[in-house]
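Have a look at start01.pdb; it's PDB, C-alpha atoms and all ligand atoms:
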```
ATOM      1  CA  MET A   9     108.518 -87.835 -28.285
ATOM      2  CA  ARG A  10     110.352 -86.064 -25.504
ATOM      3  CA  LEU A  11     109.796 -89.006 -23.172
ATOM      4  CA  HIS A  12     111.143 -91.389 -25.783
ATOM      5  CA  PHE A  13     114.258 -89.245 -26.136
ATOM      6  CA  LEU A  14     114.851 -89.273 -22.392
ATOM      7  CA  THR A  15     114.353 -93.027 -22.269
ATOM      8  CA  SER A  16     116.952 -93.538 -24.941
ATOM      9  CA  LEU A  17     119.365 -91.368 -22.960
ATOM     10  CA  LEU A  18     118.966 -93.707 -20.013
ATOM     11  CA  THR A  19     119.726 -96.775 -22.108
ATOM     12  CA  PRO A  20     123.368 -97.864 -21.789
ATOM     13  CA  LEU A  21     125.330 -96.614 -24.763
ATOM     14  CA  PRO A  22     126.444-100.063 -25.981
ATOM     15  CA  LEU A  23     122.800-101.109 -26.265
ATOM     16  CA  VAL A  24     121.894 -97.939 -28.177
ATOM     17  CA  LEU A  25     124.722 -98.612 -30.628
ATOM     18  CA  GLY A  26     124.005-102.321 -30.813
ATOM     19  CA  ILE A  27     127.492-103.046 -29.531
ATOM     20  CA  PRO A  28     127.647-105.862 -26.995
ATOM     21  CA  THR A  29     129.475-105.359 -23.753
ATOM     22  CA  PRO A  30     132.580-107.529 -23.199
ATOM     23  CA  ASN A  31     130.619-109.922 -20.984
ATOM     24  CA  SER A  32     127.964-110.478 -23.605
ATOM     25  CA  GLU A  33     127.807-113.843 -25.324
ATOM     26  CA  THR A  34     126.580-112.325 -28.541
ATOM     27  CA  PHE A  35     129.033-110.093 -30.342
ATOM     28  CA  ARG A  36     128.385-107.831 -33.219
ATOM     29  CA  THR A  37     129.849-109.866 -36.051
ATOM     30  CA  ALA A  38     132.274-108.436 -38.564
ATOM     31  CA  PRO A  39     130.814-108.177 -42.074
ATOM     32  CA  ILE A  40     132.548-109.875 -44.995
ATOM     33  CA  THR A  41     134.147-107.210 -47.180
ATOM     34  CA  PHE A  42     133.330-106.989 -50.901
ATOM     35  CA  ASN A  43     134.660-104.904 -53.803
ATOM     36  CA  ASN A  44     138.090-104.551 -52.245
ATOM     37  CA  PRO A  45     140.408-102.614 -54.586
ATOM     38  CA  GLN A  46     142.525-105.256 -56.281
ATOM     39  CA  ASP A  47     145.499-103.262 -57.521
ATOM     40  CA  ALA A  48     146.490-102.145 -54.050
ATOM     41  CA  LEU A  49     149.329-104.138 -52.496
ATOM     42  CA  PHE A  50     150.392-103.718 -48.888
ATOM     43  CA  GLU A  51     153.391-104.925 -46.950
ATOM     44  CA  ALA A  52     154.486-104.856 -43.333
ATOM     45  CA  THR A  53     158.123-105.734 -42.579
ATOM     46  CA  LEU A  54     159.346-106.365 -39.046
ATOM     47  CA  PHE A  55     161.968-103.931 -37.769
ATOM     48  CA  ASP A  56     165.670-104.766 -37.932
ATOM     49  CA  LYS A  57     166.027-104.732 -34.145
ATOM     50  CA  SER A  58     169.147-105.723 -32.208
ATOM     51  CA  ASN A  59     167.216-107.101 -29.200
ATOM     52  CA  THR A  60     165.393-109.870 -31.093
ATOM     53  CA  THR A  61     166.157-112.357 -33.855
ATOM     54  CA  VAL A  62     162.538-112.410 -35.005
ATOM     55  CA  ARG A  63     162.138-111.172 -38.573
ATOM     56  CA  GLY A  64     159.507-111.444 -41.239
ATOM     57  CA  TRP A  65     156.886-109.725 -43.317
ATOM     58  CA  ILE A  66     153.292-109.881 -44.424
ATOM     59  CA  THR A  67     152.074-109.141 -47.924
ATOM     60  CA  ALA A  68     148.367-108.380 -48.412
ATOM     61  CA  TRP A  69     146.214-107.902 -51.500
ATOM     62  CA  ALA A  70     142.612-108.385 -52.595
ATOM     63  CA  PRO A  71     141.861-111.517 -54.653
ATOM     64  CA  PRO A  72     140.280-111.244 -58.141
ATOM     65  CA  SER A  73     136.819-111.645 -56.599
ATOM     66  CA  GLY A  74     137.397-108.540 -54.472
ATOM     67  CA  VAL A  75     136.084-110.512 -51.497
ATOM     68  CA  GLY A  76     138.294-110.277 -48.424
ATOM     69  CA  VAL A  77     142.065-109.901 -48.460
ATOM     70  CA  LYS A  78     144.755-112.466 -49.237
ATOM     71  CA  ILE A  79     147.518-112.648 -46.638
ATOM     72  CA  HIS A  80     150.940-114.152 -47.171
ATOM     73  CA  ALA A  81     153.063-114.269 -44.021
ATOM     74  CA  ASP A  82     156.721-115.277 -43.578
ATOM     75  CA  PHE A  83     158.461-115.240 -40.196
ATOM     76  CA  TRP A  84     161.864-116.580 -39.161
ATOM     77  CA  GLY A  85     164.447-116.265 -36.405
ATOM     78  CA  LEU A  86     161.898-117.457 -33.852
ATOM     79  CA  PRO A  87     163.669-118.422 -30.595
ATOM     80  CA  ASP A  88     161.594-121.566 -29.922
ATOM     81  CA  ASN A  89     158.484-123.361 -31.108
ATOM     82  CA  GLY A  90     156.011-120.806 -29.863
ATOM     83  CA  PRO A  91     153.094-120.456 -30.291
ATOM     84  CA  TYR A  92     153.471-116.810 -31.225
ATOM     85  CA  GLU A  93     150.422-114.670 -31.750
ATOM     86  CA  TYR A  94     150.444-111.886 -34.303
ATOM     87  CA  HIS A  95     147.950-109.137 -34.890
ATOM     88  CA  ILE A  96     147.136-105.954 -36.727
ATOM     89  CA  HIS A  97     147.526-103.156 -34.196
ATOM     90  CA  GLU A  98     145.828 -99.816 -34.496
ATOM     91  CA  HIS A  99     148.723 -97.321 -34.523
ATOM     92  CA  GLN A 100     151.767 -96.939 -36.740
ATOM     93  CA  ILE A 101     155.033 -97.507 -34.900
ATOM     94  CA  PRO A 102     157.570 -94.670 -34.678
ATOM     95  CA  TYR A 103     160.889 -95.071 -36.484
ATOM     96  CA  GLU A 104     162.739 -96.195 -33.331
ATOM     97  CA  GLY A 105     160.613 -99.357 -33.418
ATOM     98  CA  ASN A 106     158.970 -99.359 -29.989
ATOM     99  CA  CYS A 107     156.253-102.002 -30.482
ATOM    100  CA  TYR A 108     154.422-100.769 -27.389
ATOM    101  CA  LYS A 109     153.506 -97.591 -29.285
ATOM    102  CA  ALA A 110     151.250 -99.672 -31.546
ATOM    103  CA  GLY A 111     148.285 -99.516 -29.164
ATOM    104  CA  GLY A 112     145.691-102.292 -29.118
ATOM    105  CA  HIS A 113     144.362-104.512 -31.872
ATOM    106  CA  LEU A 114     142.498-103.252 -34.910
ATOM    107  CA  ASP A 115     138.951-103.517 -33.537
ATOM    108  CA  PRO A 116     136.586-101.135 -35.354
ATOM    109  CA  TYR A 117     133.527-103.013 -34.110
ATOM    110  CA  SER A 118     134.606-102.722 -30.452
ATOM    111  CA  ARG A 119     134.583-106.445 -29.770
ATOM    112  CA  GLY A 120     137.298-106.324 -27.106
ATOM    113  CA  ILE A 121     139.817-109.082 -26.365
ATOM    114  CA  ASP A 122     137.634-111.277 -24.095
ATOM    115  CA  PRO A 123     136.638-113.996 -24.517
ATOM    116  CA  PRO A 124     139.393-115.334 -26.807
ATOM    117  CA  CYS A 125     138.686-115.599 -30.521
ATOM    118  CA  ASN A 126     136.922-118.789 -31.603
ATOM    119  CA  PRO A 127     138.460-119.698 -34.987
ATOM    120  CA  ASP A 128     135.283-121.591 -35.877
ATOM    121  CA  LYS A 129     133.497-118.226 -35.797
ATOM    122  CA  PRO A 130     136.090-115.838 -37.242
ATOM    123  CA  GLN A 131     133.425-113.199 -37.881
ATOM    124  CA  THR A 132     133.107-112.813 -34.105
ATOM    125  CA  CYS A 133     136.839-112.236 -33.547
ATOM    126  CA  GLN A 134     138.652-108.946 -33.355
ATOM    127  CA  LEU A 135     139.410-107.794 -36.875
ATOM    128  CA  GLY A 136     143.132-107.543 -36.186
ATOM    129  CA  ASP A 137     143.440-110.979 -34.564
ATOM    130  CA  PHE A 138     145.217-112.808 -37.395
ATOM    131  CA  SER A 139     146.542-115.619 -35.175
ATOM    132  CA  GLY A 140     143.200-116.077 -33.436
ATOM    133  CA  LYS A 141     141.331-116.461 -36.718
ATOM    134  CA  HIS A 142     143.969-118.260 -38.784
ATOM    135  CA  GLY A 143     146.248-119.946 -36.248
ATOM    136  CA  PRO A 144     149.371-118.797 -34.407
ATOM    137  CA  ILE A 145     152.974-119.096 -35.540
ATOM    138  CA  PHE A 146     154.325-122.482 -34.447
ATOM    139  CA  VAL A 147     157.660-123.752 -35.753
ATOM    140  CA  ALA A 148     160.218-126.525 -35.496
ATOM    141  CA  PRO A 149     163.600-125.344 -34.119
ATOM    142  CA  ASP A 150     165.406-123.016 -36.537
ATOM    143  CA  GLU A 151     162.683-123.427 -39.129
ATOM    144  CA  PRO A 152     160.858-120.553 -40.793
ATOM    145  CA  PHE A 153     157.098-120.146 -40.739
ATOM    146  CA  GLU A 154     155.058-119.514 -43.844
ATOM    147  CA  THR A 155     151.325-119.343 -44.401
ATOM    148  CA  GLU A 156     148.792-117.946 -46.815
ATOM    149  CA  TYR A 157     145.081-117.452 -46.283
ATOM    150  CA  THR A 158     142.163-115.200 -47.062
ATOM    151  CA  ASP A 159     140.853-112.979 -44.299
ATOM    152  CA  LEU A 160     137.271-112.175 -45.267
ATOM    153  CA  PHE A 161     136.839-109.303 -42.840
ATOM    154  CA  ILE A 162     139.636-106.808 -43.463
ATOM    155  CA  SER A 163     139.691-104.484 -46.472
ATOM    156  CA  THR A 164     142.073-102.838 -48.927
ATOM    157  CA  ASP A 165     139.581 -99.947 -49.269
ATOM    158  CA  GLU A 166     140.899 -96.990 -47.284
ATOM    159  CA  ASN A 167     137.329 -95.758 -46.758
ATOM    160  CA  SER A 168     136.326 -98.967 -44.978
ATOM    161  CA  PRO A 169     136.437 -99.281 -41.165
ATOM    162  CA  ALA A 170     138.146-102.617 -41.881
ATOM    163  CA  PHE A 171     141.082-100.951 -43.694
ATOM    164  CA  PHE A 172     144.433-102.129 -42.349
ATOM    165  CA  GLY A 173     146.838-100.358 -44.732
ATOM    166  CA  ASN A 174     147.779 -97.600 -42.290
ATOM    167  CA  LYS A 175     148.047 -99.885 -39.251
ATOM    168  CA  SER A 176     150.877-102.005 -37.829
ATOM    169  CA  LEU A 177     151.836-105.637 -37.335
ATOM    170  CA  VAL A 178     153.002-106.991 -33.961
ATOM    171  CA  VAL A 179     154.466-110.453 -33.242
ATOM    172  CA  HIS A 180     154.106-111.528 -29.596
ATOM    173  CA  ALA A 181     156.074-113.884 -27.383
ATOM    174  CA  PRO A 182     154.043-116.701 -25.782
ATOM    175  CA  ASP A 183     153.786-114.520 -22.631
ATOM    176  CA  GLY A 184     152.172-111.737 -24.655
ATOM    177  CA  SER A 185     155.149-109.386 -24.708
ATOM    178  CA  ARG A 186     155.900-107.747 -28.047
ATOM    179  CA  LEU A 187     158.879-109.304 -29.832
ATOM    180  CA  ASN A 188     158.898-107.308 -33.040
ATOM    181  CA  CYS A 189     156.653-105.159 -35.177
ATOM    182  CA  GLY A 190     156.370-103.273 -38.434
ATOM    183  CA  ASN A 191     154.120-100.828 -40.234
ATOM    184  CA  PHE A 192     151.770-101.669 -43.082
ATOM    185  CA  MET A 193     152.582 -99.602 -46.131
ATOM    186  CA  GLN A 194     151.072 -99.493 -49.573
ATOM    187  CA  VAL A 195     153.694-100.635 -52.075
ATOM    188  CA  ARG A 196     151.464-100.610 -55.168
ATOM    189  CA  HIS A 197     148.431 -98.419 -55.898
TER     190      HIS A 197
HETATM  191 CU    CU B 201     149.077-108.022 -30.819
END
```

For this file, produce the structure as structure tokens.
Amino acid sequence: MRLHFLTSLLTPLPLVLGIPTPNSETFRTAPITFNNPQDALFEATLFDKSNTTVRGWITAWAPPSGVGVKIHADFWGLPDNGPYEYHIHEHQIPYEGNCYKAGGHLDPYSRGIDPPCNPDKPQTCQLGDFSGKHGPIFVAPDEPFETEYTDLFISTDENSPAFFGNKSLVVHAPDGSRLNCGNFMQVRH
């Protein structure tokens, strides 16, 4: 018994937890979320910043099945075609709107950012990687961007590790810098 305990102490922590290391080919996959509360409605609106023309919002709610979360995204004022990535980031942004205070992506299963998300296997992507799983923002000049999809892996249940309602939204320039951001807020309970 004691020997077994010592052996487990010597095992690398990611193996003990079943979490793959970033170099591993096999990631712990995100589970599909069920029974998501359907009355809850969340919105994230990009800040009204003077140093960017990028604006937009995301609305998020659970479908009648309670499986996954419906996402409706609108973005406009994009300076060129893109592509622009956008993600759920883990921290709320302070009122002055510094998008770099948002931290990294929502990643409760510790997947890490490498290798890039394969949209054919969205369950293996970082939970917050909307553009990786569902496609980046890409627009014609002066045109807005609009999309709607179901993300099966995030949750409107605040007790779930996949809950996004107290996180933030960041839109990136093609070079990865952070163009604009906003905080998810619950607008209907
Ligand atoms: Cu991001």

Do you know which residues lie at most 10 Å from (144.4, -111.3, -35.0), with coordinates as in the file and all atoms listed in the file counted, and could you write them as a PDB file with C-alpha atoms, keeping the file's coordinate frame?
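Dumped to out-v2.pdb:
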```pdb
ATOM      1  CA  GLU A  93     150.422-114.670 -31.750  1.00  0.00           C
ATOM      2  CA  TYR A  94     150.444-111.886 -34.303  1.00  0.00           C
ATOM      3  CA  HIS A  95     147.950-109.137 -34.890  1.00  0.00           C
ATOM      4  CA  ILE A  96     147.136-105.954 -36.727  1.00  0.00           C
ATOM      5  CA  HIS A  97     147.526-103.156 -34.196  1.00  0.00           C
ATOM      6  CA  HIS A 113     144.362-104.512 -31.872  1.00  0.00           C
ATOM      7  CA  LEU A 114     142.498-103.252 -34.910  1.00  0.00           C
ATOM      8  CA  ASP A 115     138.951-103.517 -33.537  1.00  0.00           C
ATOM      9  CA  CYS A 125     138.686-115.599 -30.521  1.00  0.00           C
ATOM     10  CA  PRO A 130     136.090-115.838 -37.242  1.00  0.00           C
ATOM     11  CA  CYS A 133     136.839-112.236 -33.547  1.00  0.00           C
ATOM     12  CA  GLN A 134     138.652-108.946 -33.355  1.00  0.00           C
ATOM     13  CA  LEU A 135     139.410-107.794 -36.875  1.00  0.00           C
ATOM     14  CA  GLY A 136     143.132-107.543 -36.186  1.00  0.00           C
ATOM     15  CA  ASP A 137     143.440-110.979 -34.564  1.00  0.00           C
ATOM     16  CA  PHE A 138     145.217-112.808 -37.395  1.00  0.00           C
ATOM     17  CA  SER A 139     146.542-115.619 -35.175  1.00  0.00           C
ATOM     18  CA  GLY A 140     143.200-116.077 -33.436  1.00  0.00           C
ATOM     19  CA  LYS A 141     141.331-116.461 -36.718  1.00  0.00           C
ATOM     20  CA  HIS A 142     143.969-118.260 -38.784  1.00  0.00           C
ATOM     21  CA  GLY A 143     146.248-119.946 -36.248  1.00  0.00           C
ATOM     22  CA  PRO A 144     149.371-118.797 -34.407  1.00  0.00           C
ATOM     23  CA  LEU A 177     151.836-105.637 -37.335  1.00  0.00           C
ATOM     24  CA  VAL A 178     153.002-106.991 -33.961  1.00  0.00           C
TER      25      VAL A 178
END
```

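Compared by their closest atoms to Tyr92 of chain A, and using only C-alpha atoms, the residues A:Ile145, A:Tyr157, A:Arg36, A:Leu54 rank with A:Ile145 nearest.
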
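Each of A:Asn188, A:Ser118, A:Asn174, A:Asn89 was checked against Glu51 of chain A using all atoms listed in the file; the smallest atom-to-atom distance is that of A:Asn174.
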
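Across the model, the gap from atom CA of Ala70 of chain A to atom CA of Asp82 of chain A is 18.1 Å.
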
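Each of A:Pro39, A:Pro71, A:Gly64, A:Gly111 was checked against Glu154 of chain A using all atoms listed in the file; the smallest atom-to-atom distance is that of A:Gly64.
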
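If you measure from each of A:Pro72, A:Pro127, A:Pro116, A:Gly184 to ligand CU 201 (chain B) using only C-alpha atoms and all ligand atoms, the closest one turns out to be A:Gly184.
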